[in-house]
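Visitor: Mind having a look at this structure? Questions to follow.
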Amino acid sequence: MRGRIALQSTACETWEKTRSVSRCFGKCSRVLRSLPGCCQLCEYQPVNIIPLGDSALIVRVRERFEDAPEEALDDVLRTCQQLRSAAVPSIIELAPAYTSVAVFYDLLAAVKASGQPNRAFDWLSERIHAAVAAGADRGRAVRTRRSDARLVEIPVCYDAEFAPDLDDVARHTQMSAKEVVDLHSAAEYRVACIGFVPGFPFLTGLATRLATPRRDIPRKEISPGSVGIGGAQTGIYPLRSPGGWNLIGRTPMRLFDPQKDSPTLLRAGDRVRFRAIAREEFNLLKE
Amino acid sequence: MKAIIEGAGFLTSVQDLGRTSFREFGVSTSGALDSFALRVANLLVGNDETDTGLEITLGGLQLHFDDERIVAWCGGEFNGQIGPAPLPAGHAAVVHPGEELKFSRSEIGCRAWLAISGGIDIASMLGSRSTDLRANFGGLHGRALRDGDELLLGKCRRSSRPVGTTDRISSWTAPHDWVNPAKHNPMVRFIRGVDWDRFNASTLQRFTTESFAVSPDSDRMGVRFDGPELKREHSVDLISEAVAPGTIQVPPSGKPILLLGDCQTIGGYPKIAHVITIDLAIAAQLRAGDQVRFSEVPLAEAHALLVDRERQLETFRIGLSLHTT
């Protein structure tokens, strides 16, 4: 119990430092002065809101990721959902990442909606705190959990011609190439976020034993569909692009298609499995 | 109804005001790096602000139209010409069919935005006609223009020929800061970055007092600086999170990068500062060898400046409607 109170007051100190809100947005709605007590009362842990330039802000949901990746990801996705359903005026779009959600806003719309030209950021912060707190209040109803996430199977051909760095990974991890492939295709991963280039999924859940540092000299050009390991993460290059990850296979699936309204195969939160396929199946699926 | 590109120059691309709502899929903003300049140029030729134009980099563009068009451009100090006649920035001008429109190498600055009455009529992808040069989609076949390319133009909505004159070039123009924002050794204003507190006092002092030299490595993704270096005592690995055009990030080399429209959507380098939106017009003009200084403003001031500029644009819009038929 003691430990929990300490944790909450840490969150409150962070909150107080930002001084962007004037009251608690948990159930109690008390004034900022009594914040630590306030949070104990309503058990609301405020998120941290930081300007990202003058047209965006970052809602930091957690400070760390690696300690509890699943929970962090769930928190981020839940925050996205809460912000979407709150439909706060002036918000243009959201960009989720490991521990945060970036909110891009239209300043003029915020000024108009708030009616206070000098307080647009504070007004938006208040609305965001309120949206997140209201969601927390409703508890599990809006919770996004691993079990709710869709599972996407991605066929991967691990043949030597597609896996120029498989031997290096095997050497580094002191396994055989087959063991590397077996281990890589046995795990279930989760998309932490999409970035780097359109449709590139940063996947968490790589077996610790498979972690391999990035290549010293990045490749200038990587073929689309290449599956790589970079440090403790694995991912797929959707487009011809430069990159430094170790390439261990290739998928025939298309990860990014700008012709579609939902242009990427994967989205943040998805569960992913790799299925090892032979070259023949790769060719077949490619067509 | 066509623009024929005789010479594409160093790097010319089809751009509008950029792509929004697809960041969660890792899709960059793209778009005119100084979107305000394109908006002004569009208004000058009687287009909607959001119409599609051309972004010219360092000059070398030569083109003609197969019907009569009104054009205007804003940006660096380029020499614009219609045939032998000079076309200064910020003036609307009539271009007859077959006449050559030319932009030679810029004296100061790096980029210019050309609006053509009717706009460029090209398919929209993911809500924008901008070329994404990194992911190769949008614009014309997802690539920069080449010699011999032809661009379909839209129907002119209204004429913006100067009322009561026979001049081919309008006498009226937009405010100088809007049409010619490029400066030698400019000052760029910023607000504190998300990771400002991770840098020590001497590094922060260095950032706000010294000049930074623009590297030749710079492109539409970002302006790279050769130095001085912004070192940190402890180099901690940060968790990747969103970046945006204007973000100044500091990689382990200590050489800061000012991100522009083609930047990726997330990044893991510490963000020391963010250039304010209205000064992105200056950032878009930086080219190799330029010296830049950074000066801090509070967020509220950045917001006030942006709101004020939009008010001025509104006034300008009303003024324009009195000039045009």
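How things are named: the first chain in the structure tokens is A, the next is B, and so on; residues count from 1 in each chain; ligands count from 1 in the order shown.
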Using only C-alpha atoms, which residues of chain B come within 7 Å of chain A, and what is the closest atom pair for each, with the distance in Å to one decimal? Give it as CSV, sorted by chain and residue number.

Guide:
residue,atom,partner,partner_atom,distance
B:Ser21,CA,A:Glu93,CA,5.2
B:Arg23,CA,A:Ala95,CA,5.8
B:Glu24,CA,A:Ala95,CA,4.9
B:Phe25,CA,A:Ile194,CA,5.6
B:Gly26,CA,A:Pro198,CA,4.1
B:Val27,CA,A:Pro198,CA,4.8
B:Met125,CA,A:Pro258,CA,6.5
B:Leu126,CA,A:Pro258,CA,6.4
B:Ala135,CA,A:Leu239,CA,6.9
B:Ile191,CA,A:Gly53,CA,6.4
B:Gly193,CA,A:Leu52,CA,6.7
B:Val194,CA,A:Leu52,CA,6.3
B:Ile239,CA,A:Tyr98,CA,6.9
B:Ser240,CA,A:Tyr98,CA,6.8
B:Glu241,CA,A:Ala97,CA,5.2
B:Ala242,CA,A:Ala102,CA,6.0
B:Thr247,CA,A:Gly53,CA,7.0
B:Gln264,CA,A:Phe196,CA,5.5
B:Thr265,CA,A:Gly195,CA,5.9
B:Ile266,CA,A:Gly195,CA,5.8
B:His274,CA,A:Gly53,CA,4.8
B:Val275,CA,A:Gly53,CA,6.8
B:Ile276,CA,A:Asp54,CA,6.1
B:Thr277,CA,A:Asp54,CA,6.7
B:Leu299,CA,A:Asp54,CA,6.3
B:Ala300,CA,A:Asn118,CA,6.4
B:Ala302,CA,A:Asp54,CA,6.4
B:His303,CA,A:Asp54,CA,6.5
B:Val307,CA,A:Leu108,CA,6.6

Visitor: What residues in region 100-272 of chain B get the DSSP label helix (DSSP H, G or I)? Please answer as a ChimeraX atom specification.

Guide: /B:176-179,196-198,201-209

Visitor: Pull N, CA and C atoms from the residues just selected and write them as a compact mmCIF listing (two decimals), in the first residue's frame.

Guide:
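Heads up, here's the output in again-v2.txt:
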# COMPACT_ATOMS: atom_id res chain seq x y z
N HIS B 176 6.36 41.34 -48.36
CA HIS B 176 7.68 40.84 -48.71
C HIS B 176 8.08 39.57 -47.94
N ASP B 177 7.80 39.54 -46.62
CA ASP B 177 8.16 38.38 -45.79
C ASP B 177 7.51 37.09 -46.28
N TRP B 178 6.36 37.25 -46.91
CA TRP B 178 5.64 36.07 -47.36
C TRP B 178 6.20 35.54 -48.68
N VAL B 179 6.56 36.48 -49.57
CA VAL B 179 6.93 36.05 -50.92
C VAL B 179 8.43 35.79 -51.04
N TRP B 196 14.54 18.85 -23.83
CA TRP B 196 15.39 20.01 -23.49
C TRP B 196 16.17 19.76 -22.20
N ASP B 197 15.49 19.25 -21.17
CA ASP B 197 16.11 19.08 -19.85
C ASP B 197 17.18 17.99 -19.82
N ARG B 198 17.27 17.21 -20.87
CA ARG B 198 18.29 16.16 -20.90
C ARG B 198 19.66 16.70 -21.30
N ALA B 201 23.64 22.61 -19.12
CA ALA B 201 23.54 24.07 -19.31
C ALA B 201 24.48 24.57 -20.40
N SER B 202 25.70 24.02 -20.48
CA SER B 202 26.64 24.55 -21.46
C SER B 202 26.22 24.20 -22.88
N THR B 203 25.66 22.98 -23.05
CA THR B 203 25.16 22.60 -24.38
C THR B 203 23.99 23.49 -24.79
N LEU B 204 23.10 23.74 -23.84
CA LEU B 204 21.94 24.59 -24.14
C LEU B 204 22.39 26.01 -24.47
N GLN B 205 23.42 26.47 -23.77
CA GLN B 205 23.93 27.82 -24.04
C GLN B 205 24.52 27.87 -25.45
N ARG B 206 25.26 26.83 -25.77
CA ARG B 206 25.87 26.71 -27.09
C ARG B 206 24.77 26.76 -28.17
N PHE B 207 23.69 26.02 -27.93
CA PHE B 207 22.61 25.95 -28.91
C PHE B 207 21.98 27.32 -29.16
N THR B 208 21.88 28.11 -28.10
CA THR B 208 21.18 29.40 -28.25
C THR B 208 22.10 30.57 -28.57
N THR B 209 23.42 30.35 -28.54
CA THR B 209 24.31 31.49 -28.79
C THR B 209 25.17 31.33 -30.04

Visitor: How many Å separate CA of Ile108 (chain B) from CA of Ala8 (chain B)?

Guide: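 Interatomic distance, CA of Ile108 (chain B) to CA of Ala8 (chain B): 19.9 Å.
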
Visitor: Please give the complete set of residues from region 8-247 of chain B that DSSP, run on the backbone, assigns to strand (DSSP E), formatted as a PyMOL selection string.

Guide: chain B and resi 8+11-15+53-57+61-65+69-82+85-86+93-95+101-116+150-152+187-192+212-214+222-227+241-242+247

Visitor: Quick one: residues within 8 Å of Asp149 (chain B), only C-alpha atoms, excluding same-chain residues fewer than 2 positions away - as a compact mmCIF listing (two decimals) with C-alpha atoms, in the first residue's frame?

Guide:
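Saved to selection.txt:
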# COMPACT_ATOMS: atom_id res chain seq x y z
CA ILE B 4 5.16 20.73 -70.46
CA ILE B 5 8.39 20.41 -68.50
CA GLU B 6 11.29 21.22 -70.81
CA LEU B 145 9.82 15.67 -62.33
CA ARG B 146 11.98 14.76 -65.33
CA ASP B 147 12.65 16.56 -68.58
CA LEU B 151 1.29 17.70 -66.18

Visitor: Suppose you want the space between CA of Leu58 (chain B) and CA of His96 (chain B); what is it in Å?

Guide: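 Taking CA of Leu58 (chain B) and CA of His96 (chain B), their separation equals 25.0 Å.
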
Visitor: List the spatial neighbours of Asp132 (chain B) as a ChimeraX atom specification - criterion: any atom at most 7 Å away, only C-alpha atoms, same-chain residues fewer than 4 positions off excluded.

Guide: /B:30,136-138,142

Visitor: Could you list, as number ranges by chain, every residue within 10 Å of Trp245 (chain A), counting only C-alpha atoms and ignoring same-chain residues fewer than 3 positions away?

Guide: A: 165, 212-219, 222, 226-231, 233-237, 242, 248

Visitor: So which residues touch Gln81 (chain B) within 7 Å, counting only C-alpha atoms, skipping near sequence neighbours fewer than 2 positions away, as a short mmCIF file (atom, residue, chain, number, x, y, z; two decimals) with C-alpha atoms, in the first residue's frame?

Guide:
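To be explicit, this is the file written out as out-v3.cif:
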data_model
loop_
_atom_site.label_atom_id
_atom_site.label_comp_id
_atom_site.auth_asym_id
_atom_site.auth_seq_id
_atom_site.Cartn_x
_atom_site.Cartn_y
_atom_site.Cartn_z
CA ASN B 79 15.39 34.79 -61.16
CA GLY B 83 10.54 34.67 -72.07
CA PRO B 84 12.98 37.58 -71.64
CA ALA B 85 10.80 39.46 -69.12
CA PRO B 86 11.60 39.15 -65.42
CA LEU B 87 8.91 37.72 -63.16
CA LEU B 101 8.66 30.17 -68.02
CA LYS B 102 12.07 29.77 -66.44
CA PHE B 103 13.67 29.74 -62.99
#
